[in-house]
file entry24.txt (compact mmCIF, C-alpha atoms and all ligand atoms)
# COMPACT_ATOMS: atom_id res chain seq x y z
CA MET J 914 1.35 8.59 -17.56
CA VAL J 915 -1.90 8.88 -19.49
CA TRP J 916 -1.93 5.13 -20.07
CA ASN J 917 -0.33 3.71 -16.98
CA GLY J 918 -2.59 1.25 -15.24
CA ARG J 919 -5.58 1.92 -17.52
CA LYS J 920 -7.71 -1.18 -17.75
CA LEU J 921 -9.13 -1.70 -21.20
CA LEU J 922 -11.37 -4.57 -22.09
CA LEU J 923 -11.13 -5.18 -25.82
CA GLY J 924 -14.11 -6.98 -27.30
CA ILE J 925 -13.44 -8.62 -30.66
CA THR J 926 -16.28 -9.84 -32.85
CA GLY J 927 -16.57 -11.82 -36.09
CA SER J 928 -15.24 -9.55 -38.81
CA ILE J 929 -12.25 -9.65 -41.11
CA ALA J 930 -11.07 -6.45 -39.39
CA ALA J 931 -10.39 -8.64 -36.32
CA TYR J 932 -6.84 -9.14 -37.59
CA LYS J 933 -6.25 -5.44 -36.86
CA SER J 934 -7.24 -6.02 -33.22
CA THR J 935 -3.95 -7.82 -32.67
CA TRP J 936 -2.19 -4.57 -33.59
CA ILE J 937 -4.45 -2.66 -31.18
CA VAL J 938 -3.56 -5.02 -28.32
CA ARG J 939 0.14 -4.77 -29.12
CA HIS J 940 0.10 -0.96 -29.10
CA LEU J 941 -2.09 -0.59 -26.03
CA LYS J 942 0.26 -2.87 -24.12
CA SER J 943 3.37 -1.03 -25.28
CA LYS J 944 1.80 2.21 -24.01
CA GLY J 945 1.32 0.70 -20.55
CA ALA J 946 -2.39 -0.18 -20.55
CA ASP J 947 -3.67 -3.40 -19.05
CA VAL J 948 -5.65 -5.21 -21.76
CA GLN J 949 -8.17 -7.98 -21.28
CA VAL J 950 -9.45 -9.51 -24.50
CA VAL J 951 -12.93 -11.02 -24.75
CA CYS J 952 -13.84 -12.55 -28.12
CA THR J 953 -17.18 -13.63 -29.46
CA PRO J 954 -17.11 -17.24 -30.68
CA ASP J 955 -17.27 -15.94 -34.28
CA ALA J 956 -14.16 -13.78 -33.78
CA LEU J 957 -12.12 -16.94 -33.20
CA GLY J 958 -12.57 -17.79 -36.88
CA PHE J 959 -10.45 -14.73 -37.68
CA VAL J 960 -7.87 -14.51 -34.85
CA THR J 961 -6.48 -17.08 -32.43
CA PRO J 962 -6.58 -16.89 -28.64
CA LEU J 963 -2.88 -17.82 -28.63
CA THR J 964 -1.93 -14.67 -30.58
CA LEU J 965 -4.14 -12.45 -28.43
CA SER J 966 -3.15 -13.94 -25.08
CA THR J 967 0.54 -13.73 -25.96
CA LEU J 968 0.18 -10.06 -26.91
CA SER J 969 -2.06 -9.12 -23.97
CA GLU J 970 -0.23 -11.31 -21.41
CA ARG J 971 -3.63 -12.38 -20.11
CA PRO J 972 -5.88 -15.31 -20.88
CA VAL J 973 -8.41 -14.61 -23.62
CA TYR J 974 -12.03 -15.35 -22.77
CA SER J 975 -14.76 -16.30 -25.21
CA GLU J 976 -16.98 -18.74 -23.34
CA PHE J 977 -18.89 -18.56 -20.06
CA VAL J 978 -17.05 -21.66 -18.86
CA LYS J 979 -13.37 -22.46 -19.39
CA SER J 980 -13.27 -25.83 -21.16
CA ALA J 981 -10.28 -27.09 -19.13
CA GLY J 982 -11.49 -27.52 -15.54
CA GLY J 983 -15.03 -26.30 -16.15
CA GLU J 984 -14.34 -23.03 -14.32
CA TRP J 985 -16.88 -20.24 -14.69
CA VAL J 986 -15.72 -16.94 -16.23
CA ASN J 987 -17.19 -14.17 -14.14
CA HIS J 988 -18.65 -11.65 -16.61
CA VAL J 989 -19.77 -9.26 -13.85
CA GLU J 990 -16.25 -9.06 -12.54
CA LEU J 991 -14.81 -8.48 -16.02
CA GLY J 992 -17.35 -5.71 -16.60
CA MET J 993 -16.45 -4.07 -13.28
CA TRP J 994 -12.71 -4.49 -13.82
CA ALA J 995 -12.60 -2.41 -16.99
CA ASP J 996 -12.07 1.37 -17.05
CA LEU J 997 -13.35 1.30 -20.61
CA ILE J 998 -14.69 -1.31 -23.02
CA LEU J 999 -13.72 -1.00 -26.66
CA ILE J 1000 -15.45 -3.32 -29.10
CA ALA J 1001 -13.34 -3.31 -32.24
CA PRO J 1002 -14.35 -4.56 -34.70
CA CYS J 1003 -18.02 -4.44 -33.83
CA SER J 1004 -19.96 -6.53 -36.35
CA ALA J 1005 -23.53 -5.79 -37.49
CA GLN J 1006 -24.62 -8.76 -35.41
CA THR J 1007 -22.98 -7.52 -32.18
CA LEU J 1008 -24.30 -4.03 -32.82
CA ALA J 1009 -27.82 -5.46 -33.01
CA LYS J 1010 -27.34 -7.55 -29.87
CA MET J 1011 -26.07 -4.55 -27.94
CA ALA J 1012 -29.03 -2.45 -29.06
CA GLY J 1013 -31.49 -5.20 -28.16
CA GLY J 1014 -29.82 -6.33 -24.93
CA LEU J 1015 -29.33 -9.90 -26.15
CA CYS J 1016 -27.03 -11.99 -24.02
CA ASP J 1017 -26.05 -15.15 -25.88
CA ASN J 1018 -22.27 -14.90 -25.47
CA LEU J 1019 -19.73 -13.82 -22.88
CA LEU J 1020 -18.97 -10.47 -24.52
CA MET J 1021 -22.64 -9.52 -24.40
CA ALA J 1022 -22.85 -10.53 -20.73
CA VAL J 1023 -19.80 -8.38 -20.00
CA TYR J 1024 -21.35 -5.49 -21.95
CA LEU J 1025 -24.60 -5.73 -20.00
CA SER J 1026 -22.72 -5.90 -16.67
CA ALA J 1027 -20.38 -2.97 -17.36
CA ARG J 1028 -20.54 0.36 -15.56
CA CYS J 1029 -17.74 2.00 -17.54
CA PRO J 1030 -17.79 3.82 -20.90
CA VAL J 1031 -18.39 1.56 -23.92
CA TRP J 1032 -16.84 2.46 -27.26
CA PHE J 1033 -17.48 0.53 -30.42
CA ALA J 1034 -15.98 0.59 -33.89
CA PRO J 1035 -18.43 -0.88 -36.43
CA ALA J 1036 -17.06 -2.96 -39.31
CA MET J 1037 -19.30 -4.38 -42.02
CA ASP J 1038 -20.10 -4.22 -45.69
CA ILE J 1039 -21.56 -1.03 -47.17
CA ASP J 1040 -25.08 -2.41 -47.63
CA MET J 1041 -25.20 -3.83 -44.14
CA TRP J 1042 -24.12 -0.44 -42.82
CA LYS J 1043 -26.76 1.37 -44.87
CA HIS J 1044 -29.55 -1.00 -43.86
CA PRO J 1045 -32.33 0.71 -41.87
CA ALA J 1046 -32.06 -1.97 -39.18
CA THR J 1047 -28.38 -1.11 -38.62
CA ALA J 1048 -29.17 2.60 -38.74
CA LYS J 1049 -31.81 2.09 -36.03
CA ASN J 1050 -29.39 0.11 -33.84
CA VAL J 1051 -26.71 2.77 -34.24
CA LYS J 1052 -29.17 5.49 -33.30
CA GLU J 1053 -30.17 3.56 -30.19
CA LEU J 1054 -26.60 2.88 -29.10
CA THR J 1055 -25.26 6.38 -29.69
CA SER J 1056 -28.12 7.79 -27.62
CA ARG J 1057 -27.03 5.76 -24.58
CA ALA J 1058 -25.01 7.38 -21.81
CA ASN J 1059 -21.31 6.52 -21.87
CA HIS J 1060 -21.49 5.05 -25.40
CA ARG J 1061 -19.34 6.32 -28.22
CA MET J 1062 -19.06 5.16 -31.79
CA LEU J 1063 -15.79 5.49 -33.71
CA GLY J 1064 -15.99 5.21 -37.49
CA PRO J 1065 -16.81 3.42 -39.67
CA ALA J 1066 -14.49 4.73 -42.36
CA ASN J 1067 -14.91 5.01 -46.09
CA GLY J 1068 -12.74 2.88 -48.36
CA ALA J 1069 -12.07 -0.60 -49.70
CA LEU J 1070 -14.21 -3.36 -48.17
CA ALA J 1071 -13.50 -7.07 -47.93
CA SER J 1072 -16.34 -7.77 -50.38
CA GLY J 1073 -14.47 -5.88 -53.08
CA LEU J 1074 -16.91 -2.97 -52.84
CA ASN J 1075 -15.90 0.52 -51.91
CA GLY J 1076 -17.74 2.70 -49.42
CA VAL J 1077 -18.56 3.25 -45.76
CA GLY J 1078 -18.17 0.25 -43.47
CA ARG J 1079 -14.43 -0.18 -42.80
CA MET J 1080 -13.40 -0.29 -39.18
CA ALA J 1081 -11.79 2.97 -38.07
CA GLU J 1082 -8.02 2.67 -38.34
CA PRO J 1083 -6.41 1.19 -35.20
CA GLN J 1084 -4.20 4.26 -34.80
CA GLU J 1085 -7.31 6.47 -34.77
CA LEU J 1086 -8.83 4.34 -32.03
CA ILE J 1087 -5.66 4.58 -29.96
CA ASP J 1088 -5.44 8.36 -30.52
CA ALA J 1089 -9.08 8.72 -29.41
CA LEU J 1090 -8.38 6.73 -26.24
CA GLU J 1091 -5.29 8.79 -25.53
CA ALA J 1092 -7.20 12.05 -25.95
CA HIS J 1093 -9.98 10.74 -23.70
CA TRP J 1094 -7.63 9.68 -20.93
CA ALA J 1095 -5.51 12.81 -21.21
CA SER J 1096 -8.64 14.89 -20.66
CA THR J 1097 -9.49 12.99 -17.46
CA ASN J 1098 -7.17 13.32 -14.50
CA ALA J 1099 -4.40 10.84 -15.28
CA ASP J 1100 -3.60 10.41 -11.61
CA VAL J 1101 -7.10 9.38 -10.61
CA LEU J 1102 -7.39 5.69 -11.42
CA PRO J 1103 -10.00 4.26 -11.81
CA GLN J 1104 -13.22 6.04 -10.82
CA ALA J 1105 -13.91 4.80 -7.30
CA THR J 1106 -17.34 3.31 -6.98
CA GLU J 1107 -17.25 3.70 -3.19
CA ASP J 1108 -18.81 0.28 -2.74
CA LEU J 1109 -17.26 0.07 0.74
CA ARG J 1110 -18.60 3.40 1.98
CA ASN J 1111 -19.41 3.20 5.72
CA LYS J 1112 -17.68 -0.17 6.02
CA MET J 1113 -14.79 -0.59 8.42
CA VAL J 1114 -11.95 -2.66 7.00
CA LEU J 1115 -9.22 -3.96 9.29
CA ILE J 1116 -5.95 -4.92 7.58
CA THR J 1117 -2.89 -6.55 9.11
CA ALA J 1118 0.31 -6.08 7.14
CA GLY J 1119 4.05 -6.66 7.19
CA PRO J 1120 6.12 -9.02 9.31
CA THR J 1121 6.29 -9.34 13.07
CA ARG J 1122 9.51 -9.29 15.08
CA GLU J 1123 9.97 -11.67 17.99
CA ALA J 1124 12.64 -10.44 20.33
CA ILE J 1125 15.52 -12.66 21.45
CA ASP J 1126 17.11 -9.87 23.46
CA ASP J 1127 17.03 -6.07 23.29
CA VAL J 1128 18.89 -5.99 19.96
CA ARG J 1129 18.11 -9.27 18.20
CA TYR J 1130 14.92 -10.73 16.83
CA ILE J 1131 13.37 -13.44 14.65
CA SER J 1132 11.38 -12.19 11.66
CA ASN J 1133 10.79 -12.73 7.94
CA HIS J 1134 11.17 -10.85 4.66
CA SER J 1135 7.61 -9.49 4.37
CA SER J 1136 7.76 -5.91 3.01
CA GLY J 1137 4.14 -4.96 3.78
CA LYS J 1138 3.64 -3.79 0.16
CA MET J 1139 0.62 -6.04 -0.49
CA GLY J 1140 -1.15 -5.03 2.73
CA TYR J 1141 -0.50 -1.32 2.15
CA ALA J 1142 -1.76 -1.61 -1.45
CA LEU J 1143 -4.91 -3.30 -0.13
CA ALA J 1144 -5.38 -0.45 2.35
CA GLU J 1145 -5.19 2.04 -0.56
CA ALA J 1146 -7.62 0.01 -2.66
CA CYS J 1147 -10.12 -0.03 0.23
CA LEU J 1148 -9.71 3.73 0.74
CA GLU J 1149 -10.52 4.21 -2.97
CA GLN J 1150 -13.79 2.41 -2.30
CA GLY J 1151 -14.69 4.78 0.52
CA ALA J 1152 -13.96 2.38 3.42
CA ARG J 1153 -12.82 3.38 6.90
CA VAL J 1154 -9.51 1.57 7.03
CA VAL J 1155 -7.67 0.44 10.16
CA LEU J 1156 -4.14 -0.60 9.22
CA ILE J 1157 -2.23 -2.65 11.79
CA SER J 1158 1.31 -2.90 10.59
CA GLY J 1159 4.43 -4.72 11.63
CA PRO J 1160 7.77 -2.94 11.12
CA VAL J 1161 8.15 -1.89 7.46
CA THR J 1162 9.79 0.99 5.62
CA LEU J 1163 6.59 2.14 3.86
CA THR J 1164 4.67 5.34 4.53
CA PRO J 1165 1.06 4.67 5.60
CA PRO J 1166 -1.47 5.87 3.01
CA GLN J 1167 -3.29 9.15 3.57
CA GLY J 1168 -6.82 9.06 4.91
CA LEU J 1169 -6.64 6.00 7.20
CA TYR J 1170 -9.20 5.79 9.99
CA ALA J 1171 -6.45 4.43 12.25
CA PHE J 1172 -2.87 3.28 11.95
CA VAL J 1173 -1.37 1.03 14.61
CA ALA J 1174 2.33 0.23 14.43
CA VAL J 1175 3.26 -3.00 16.18
CA GLU J 1176 6.38 -5.14 16.56
CA SER J 1177 5.47 -8.58 17.83
CA ALA J 1178 2.65 -11.03 17.14
CA HIS J 1179 1.37 -10.35 20.66
CA GLU J 1180 1.16 -6.61 20.01
CA MET J 1181 -0.60 -7.32 16.70
CA GLN J 1182 -3.06 -9.63 18.45
CA LYS J 1183 -3.83 -6.93 21.05
CA ALA J 1184 -4.38 -4.29 18.35
CA VAL J 1185 -6.68 -6.61 16.36
CA GLU J 1186 -8.60 -7.47 19.53
CA SER J 1187 -9.42 -3.81 20.16
CA TYR J 1188 -11.21 -3.62 16.78
CA ARG J 1189 -12.49 -7.23 16.68
CA THR J 1190 -16.19 -6.46 17.13
CA LYS J 1191 -16.07 -3.19 15.18
CA PHE J 1192 -14.85 -4.12 11.71
CA ASP J 1193 -16.98 -5.40 8.82
CA ILE J 1194 -14.17 -6.81 6.69
CA GLY J 1195 -10.90 -8.20 8.03
CA ILE J 1196 -7.97 -8.73 5.67
CA PHE J 1197 -5.17 -10.63 7.35
CA CYS J 1198 -2.19 -10.04 5.15
CA ALA J 1199 0.55 -9.97 7.81
CA ALA J 1200 3.28 -12.58 7.78
CA VAL J 1201 3.03 -13.28 11.49
CA ALA J 1202 6.01 -15.16 12.94
CA ASP J 1203 4.79 -18.60 13.94
CA PHE J 1204 7.10 -18.85 16.96
CA ARG J 1205 8.67 -16.56 19.51
CA PRO J 1206 11.54 -17.12 21.93
CA VAL J 1207 10.17 -18.32 25.28
CA HIS J 1208 12.45 -15.91 27.16
CA LYS J 1209 13.46 -12.50 26.04
CA THR J 1210 16.81 -11.59 27.56
CA THR J 1211 17.08 -8.08 28.90
CA GLY J 1212 20.05 -6.25 27.44
CA LYS J 1213 22.30 -8.00 24.93
CA ILE J 1214 23.28 -11.65 25.05
CA LYS J 1215 27.07 -11.71 25.08
CA LYS J 1216 29.09 -13.63 22.53
CA GLN J 1217 30.85 -15.33 25.46
CA ASP J 1218 27.47 -16.72 26.60
CA ALA J 1219 27.80 -19.09 23.62
CA VAL J 1220 24.05 -19.59 23.10
CA THR J 1221 23.50 -22.69 20.98
CA ARG J 1222 19.74 -23.11 21.37
CA ILE J 1223 16.79 -20.75 21.63
CA GLU J 1224 13.67 -22.29 23.10
CA MET J 1225 10.61 -21.30 21.07
CA HIS J 1226 6.91 -21.09 21.82
CA PRO J 1227 4.08 -20.97 19.22
CA ASN J 1228 2.51 -17.56 18.65
CA PRO J 1229 -1.25 -17.10 18.75
CA ASP J 1230 -2.90 -17.53 15.36
CA ILE J 1231 -4.60 -14.14 15.17
CA LEU J 1232 -6.76 -14.89 12.13
CA ALA J 1233 -7.87 -18.28 13.44
CA GLU J 1234 -8.90 -16.65 16.71
CA VAL J 1235 -10.92 -13.95 14.92
CA GLY J 1236 -12.40 -16.69 12.70
CA ARG J 1237 -13.55 -18.68 15.74
CA ASN J 1238 -15.39 -15.62 17.07
CA LYS J 1239 -16.56 -14.30 13.72
CA GLN J 1240 -19.79 -12.33 13.81
CA PRO J 1241 -22.47 -13.00 11.18
CA GLN J 1242 -21.92 -9.71 9.31
CA GLN J 1243 -18.13 -10.02 9.25
CA PHE J 1244 -16.19 -11.06 6.15
CA LEU J 1245 -12.74 -12.53 6.65
CA VAL J 1246 -9.91 -12.71 4.14
CA GLY J 1247 -6.74 -14.70 4.77
CA PHE J 1248 -3.51 -15.19 2.87
CA ALA J 1249 -1.77 -18.50 2.32
CA LEU J 1250 1.84 -18.64 1.16
CA GLU J 1251 2.44 -22.13 -0.12
CA SER J 1252 5.08 -24.01 -2.08
CA ALA J 1253 3.44 -27.26 -3.16
CA ASP J 1254 -0.19 -28.33 -3.41
CA GLY J 1255 -1.23 -24.71 -2.94
CA ILE J 1256 -4.94 -24.95 -3.71
CA ALA J 1257 -5.55 -27.84 -1.32
CA GLU J 1258 -3.65 -26.09 1.49
CA ALA J 1259 -5.37 -22.76 0.84
CA ARG J 1260 -8.73 -24.52 0.89
CA ARG J 1261 -7.86 -26.21 4.18
CA LYS J 1262 -6.78 -22.92 5.76
CA LYS J 1263 -9.88 -21.16 4.46
CA SER J 1264 -12.02 -23.69 6.26
CA THR J 1265 -9.99 -24.11 9.49
CA LYS J 1266 -9.62 -20.34 9.93
CA ASN J 1267 -13.28 -19.75 9.02
CA CYS J 1268 -12.45 -17.34 6.19
CA ASP J 1269 -14.78 -16.19 3.42
CA MET J 1270 -11.92 -15.71 1.01
CA MET J 1271 -8.37 -17.07 0.90
CA ILE J 1272 -5.66 -15.56 -1.26
CA LEU J 1273 -3.03 -18.01 -2.36
CA ASN J 1274 0.54 -16.86 -3.04
CA ARG J 1275 2.91 -19.46 -4.39
CA ILE J 1276 6.49 -19.25 -3.12
CA ASN J 1277 7.94 -20.31 -6.47
CA ASN J 1278 6.01 -17.85 -8.63
CA LYS J 1279 8.31 -15.62 -10.68
CA GLY J 1280 7.72 -11.92 -9.96
CA ALA J 1281 5.70 -12.67 -6.83
CA GLY J 1282 6.17 -12.81 -3.09
CA PHE J 1283 7.99 -10.89 -0.37
CA GLY J 1284 9.53 -7.58 -1.39
CA ALA J 1285 8.53 -7.77 -5.08
CA ASP J 1286 6.47 -4.94 -6.60
CA THR J 1287 4.43 -7.46 -8.56
CA ASN J 1288 2.43 -10.46 -7.47
CA ARG J 1289 0.47 -13.37 -8.87
CA VAL J 1290 -2.28 -14.78 -6.71
CA THR J 1291 -5.22 -17.18 -6.80
CA LEU J 1292 -8.47 -16.25 -5.08
CA LEU J 1293 -10.63 -18.88 -3.39
CA SER J 1294 -14.11 -17.75 -2.44
CA ALA J 1295 -17.80 -18.62 -2.74
CA LEU J 1296 -17.43 -17.57 -6.41
CA GLY J 1297 -14.95 -20.42 -6.99
CA ILE J 1298 -11.26 -20.28 -7.83
CA ARG J 1299 -9.92 -17.33 -9.75
CA GLU J 1300 -6.35 -16.90 -11.00
CA LEU J 1301 -5.16 -13.30 -11.31
CA PRO J 1302 -2.37 -12.75 -13.83
CA LEU J 1303 0.99 -11.28 -12.82
CA ALA J 1304 0.47 -7.57 -12.15
CA SER J 1305 1.65 -4.77 -9.88
CA LYS J 1306 0.65 -5.20 -6.22
CA LYS J 1307 -1.48 -2.05 -6.61
CA ASP J 1308 -3.48 -3.62 -9.46
CA ILE J 1309 -3.70 -6.97 -7.70
CA ALA J 1310 -5.03 -5.17 -4.63
CA ARG J 1311 -7.72 -3.44 -6.70
CA ASP J 1312 -8.70 -6.75 -8.30
CA ILE J 1313 -8.87 -8.45 -4.91
CA ILE J 1314 -11.10 -5.68 -3.55
CA GLN J 1315 -13.38 -5.83 -6.62
CA HIS J 1316 -13.70 -9.58 -6.10
CA LEU J 1317 -14.33 -9.08 -2.40
CA ILE J 1318 -17.10 -6.57 -3.14
CA LEU J 1319 -18.81 -9.16 -5.35
CA CYS J 1320 -18.61 -11.85 -2.65
CA TYR J 1321 -19.45 -9.62 0.28
CA ILE J 1322 -23.12 -9.23 0.97
CA PRO J 1323 -23.59 -6.29 3.34
CA SER J 1324 -26.06 -6.91 6.10
O1 LIG M 1 -1.10 -20.46 8.81
P1 LIG M 1 -0.49 -19.43 7.94
O2 LIG M 1 0.64 -18.67 8.55
O3 LIG M 1 -0.20 -19.89 6.54
O4 LIG M 1 -1.74 -18.46 7.81
C1 LIG M 1 -1.87 -17.50 6.92
C2 LIG M 1 -2.99 -16.56 7.31
O5 LIG M 1 -3.22 -16.49 8.72
C3 LIG M 1 -2.59 -15.16 6.91
O6 LIG M 1 -3.78 -14.50 6.56
C4 LIG M 1 -1.96 -14.61 8.17
O7 LIG M 1 -2.01 -13.20 8.19
C5 LIG M 1 -2.80 -15.25 9.26
N1 LIG M 1 -2.04 -15.52 10.50
C6 LIG M 1 -2.33 -14.81 11.65
N2 LIG M 1 -1.66 -15.11 12.80
C7 LIG M 1 -0.70 -16.06 12.83
C8 LIG M 1 -0.40 -16.77 11.67
C9 LIG M 1 -1.08 -16.46 10.52
O8 LIG M 1 -3.20 -13.93 11.63
N3 LIG M 1 -0.06 -16.33 13.96

call {"tool": "encode", "arguments": {"input": "entry24.txt", "output": "structure tokens", "more": "lines below"}}
Ligand code: C5P
result
Amino acid sequence: MVWNGRKLLLGITGSIAAYKSTWIVRHLKSKGADVQVVCTPDALGFVTPLTLSTLSERPVYSEFVKSAGGEWVNHVELGMWADLILIAPCSAQTLAKMAGGLCDNLLMAVYLSARCPVWFAPAMDIDMWKHPATAKNVKELTSRANHRMLGPANGALASGLNGVGRMAEPQELIDALEAHWASTNADVLPQATEDLRNKMVLITAGPTREAIDDVRYISNHSSGKMGYALAEACLEQGARVVLISGPVTLTPPQGLYAFVAVESAHEMQKAVESYRTKFDIGIFCAAVADFRPVHKTTGKIKKQDAVTRIEMHPNPDILAEVGRNKQPQQFLVGFALESADGIAEARRKKSTKNCDMMILNRINNKGAGFGADTNRVTLLSALGIRELPLASKKDIARDIIQHLILCYIPS
């Protein structure tokens, strides 16, 4: 419980103690934490990204730009994602950069962008540790709010010398984290920054049902879980949330500004229309049925009627309509569920529906899609294309909202 859903960014720097970081990742993961590793370029001389990404189940970042594809790694977003940054081992060089605010690698950019607590575990030789320059840097860092130093320990050093400078033992670091998180309320995750305070967010969620007669309908397998998780993530950020939901079995989250239960696409369209000029951010997560029967039969069609065809009519595209009438201060988010050529299709939909952000779900992704508790999505926005790793829909929702906050420029 203490660990569940905790987001730890582990910074690894160039020190022989970096091999122990693999153990830290392994144990944090087994306890239930979400671990994102960021290495300095020097750290990669000691540990491989393959080992770390396999253990953390996330890509490992060390450069501002991913070499394959030239995609930019968003350091601000990484800094905001983390509940806590642990730099272990923290070399004399990184210690000095942190103290001086130098920003010549990704880890330093993440450090400078972070709002969360920063812990660091120095690791260096005894004379480097004793040097007045290091002592000055340590004094500076430990005087900063939210900073905490763990270790260094006394013992055998890689140089063959004995003394202070060893990285604190990994188990000690994990015990310190556990004690820290146990002392905060384990159920409150993470500290809400309330970046959406005073903003109205409209969310459509779930499927729609298009009636054939009074007992039968056409629908899809949407569970509403993603939309409801997004509603919760927006509430955490202090937003006034209007949730317009098709028929699902979920309980609406506490604290909504409004909840509107609808059945058909037409009802959903009407509900959206009544808030169309009022909301700041619209997240269109619903799996709206594309067609509806032209005639709805009153009562129940009898088996003897031997219906072999149902004439269908296209439903209104609610998001496209809102997009056409979008007001300058409004920010629109759409979802695209695609099988093949996902990015191109999502890009096309983003543009034709006049969205600011499109969230791509791939039908064939393992652990993703309708009904699942996990999801794997790709975000397309003004900040470029960003892949989110497989995670719970709750965590994905929080990541989406963090990304949205970065893209959204309030008027
Ligand atoms: O066109 P497609 O169904 O893939 O569009 C996906 C996006 O458009 C989703 O955000 C969905 O909620 C929205 N949509 C809508 N009304 C429709 C169809 C889709 O709002 N009739």

call {"tool": "residues_around", "arguments": {"input": "entry24.txt", "residues": "J:Gly1236", "least_positions_apart": "5", "cutoff": "12 Å", "atoms": "only C-alpha atoms", "output": "ChimeraX atom specification"}}
result
/J:1189-1190,1194-1197,1230-1231,1241,1243-1247,1262-1270

call {"tool": "residues_near_ligand", "arguments": {"input": "entry24.txt", "ligand": "ligand LIG 1 (chain M)", "cutoff": "6 Å", "atoms": "all atoms listed in the file", "output": "JSON, numbers by chain"}}
result
{"J": [1197, 1198, 1199, 1200, 1201, 1203, 1228, 1229, 1230, 1231, 1232, 1247, 1248, 1249, 1250]}

call {"tool": "closest_residue", "arguments": {"input": "entry24.txt", "among": "J:Thr1210, J:Ser1096, J:Ser943, J:Gln949", "to": "J:Leu921", "atoms": "all atoms listed in the file"}}
result
J:Gln949

call {"tool": "atom_distance", "arguments": {"input": "entry24.txt", "atom1": "atom CA of J:Ser1252", "atom2": "atom CA of J:Lys1138"}}
result
20.4 Å

call {"tool": "residues_around", "arguments": {"input": "entry24.txt", "residues": "J:Glu990", "least_positions_apart": "5", "cutoff": "10 Å", "atoms": "all atoms listed in the file", "output": "PyMOL selection string"}}
result
chain J and resi 995+1023+1026-1027+1312+1315-1316+1318-1319

call {"tool": "atom_distance", "arguments": {"input": "entry24.txt", "atom1": "atom CA of J:Pro962", "atom2": "atom CA of J:Gly918"}}
result
22.9 Å

call {"tool": "closest_residue", "arguments": {"input": "entry24.txt", "among": "J:Gly924, J:Ala1310, J:Asn917, J:Asp1286", "to": "J:Glu1091", "atoms": "all atoms listed in the file"}}
result
J:Asn917

call {"tool": "closest_residue", "arguments": {"input": "entry24.txt", "among": "J:Glu1186, J:Asp1308, J:Glu1180, J:Asp1088", "to": "J:Leu1143", "atoms": "all atoms listed in the file"}}
result
J:Asp1308

call {"tool": "atom_distance", "arguments": {"input": "entry24.txt", "atom1": "atom CA of J:Ile1157", "atom2": "atom CA of J:Ser1294"}}
result
23.9 Å

call {"tool": "closest_residue", "arguments": {"input": "entry24.txt", "among": "J:Glu1145, J:Thr1121, J:Ser975, J:Lys1183", "to": "J:Gln1167", "atoms": "all atoms listed in the file"}}
result
J:Glu1145

call {"tool": "residues_around", "arguments": {"input": "entry24.txt", "residues": "J:Val1077", "least_positions_apart": "6", "cutoff": "8 Å", "atoms": "only C-alpha atoms", "output": "JSON, numbers by chain"}}
result
{"J": [1038, 1039, 1042, 1065, 1066, 1067, 1068]}

call {"tool": "closest_residue", "arguments": {"input": "entry24.txt", "among": "J:Ser1136, J:Thr967, J:Asn1050, J:Thr1117", "to": "J:Thr1164", "atoms": "all atoms listed in the file"}}
result
J:Ser1136

call {"tool": "closest_residue", "arguments": {"input": "entry24.txt", "among": "J:Trp916, J:Gly1119, J:Leu1015, J:Gln1240", "to": "J:Met1181", "atoms": "all atoms listed in the file"}}
result
J:Gly1119

call {"tool": "residues_around", "arguments": {"input": "entry24.txt", "residues": "J:Asp955", "least_positions_apart": "4", "cutoff": "12 Å", "atoms": "only C-alpha atoms", "output": "MDAnalysis selection string"}}
result
chainID J and resid 924:929 931 951 959:961 975:976 1002:1004 1006:1007 1018:1020

call {"tool": "write_last_selection", "arguments": {"input": "entry24.txt", "atoms": "C-alpha atoms", "output": "PDB file, in the coordinates of the input"}}
result
ATOM      1  CA  GLY J 924     -14.110  -6.980 -27.300  1.00  0.00           C
ATOM      2  CA  ILE J 925     -13.440  -8.620 -30.660  1.00  0.00           C
ATOM      3  CA  THR J 926     -16.280  -9.840 -32.850  1.00  0.00           C
ATOM      4  CA  GLY J 927     -16.570 -11.820 -36.090  1.00  0.00           C
ATOM      5  CA  SER J 928     -15.240  -9.550 -38.810  1.00  0.00           C
ATOM      6  CA  ILE J 929     -12.250  -9.650 -41.110  1.00  0.00           C
ATOM      7  CA  ALA J 931     -10.390  -8.640 -36.320  1.00  0.00           C
ATOM      8  CA  VAL J 951     -12.930 -11.020 -24.750  1.00  0.00           C
ATOM      9  CA  PHE J 959     -10.450 -14.730 -37.680  1.00  0.00           C
ATOM     10  CA  VAL J 960      -7.870 -14.510 -34.850  1.00  0.00           C
ATOM     11  CA  THR J 961      -6.480 -17.080 -32.430  1.00  0.00           C
ATOM     12  CA  SER J 975     -14.760 -16.300 -25.210  1.00  0.00           C
ATOM     13  CA  GLU J 976     -16.980 -18.740 -23.340  1.00  0.00           C
ATOM     14  CA  PRO J1002     -14.350  -4.560 -34.700  1.00  0.00           C
ATOM     15  CA  CYS J1003     -18.020  -4.440 -33.830  1.00  0.00           C
ATOM     16  CA  SER J1004     -19.960  -6.530 -36.350  1.00  0.00           C
ATOM     17  CA  GLN J1006     -24.620  -8.760 -35.410  1.00  0.00           C
ATOM     18  CA  THR J1007     -22.980  -7.520 -32.180  1.00  0.00           C
ATOM     19  CA  ASN J1018     -22.270 -14.900 -25.470  1.00  0.00           C
ATOM     20  CA  LEU J1019     -19.730 -13.820 -22.880  1.00  0.00           C
ATOM     21  CA  LEU J1020     -18.970 -10.470 -24.520  1.00  0.00           C
TER      22      LEU J1020
END
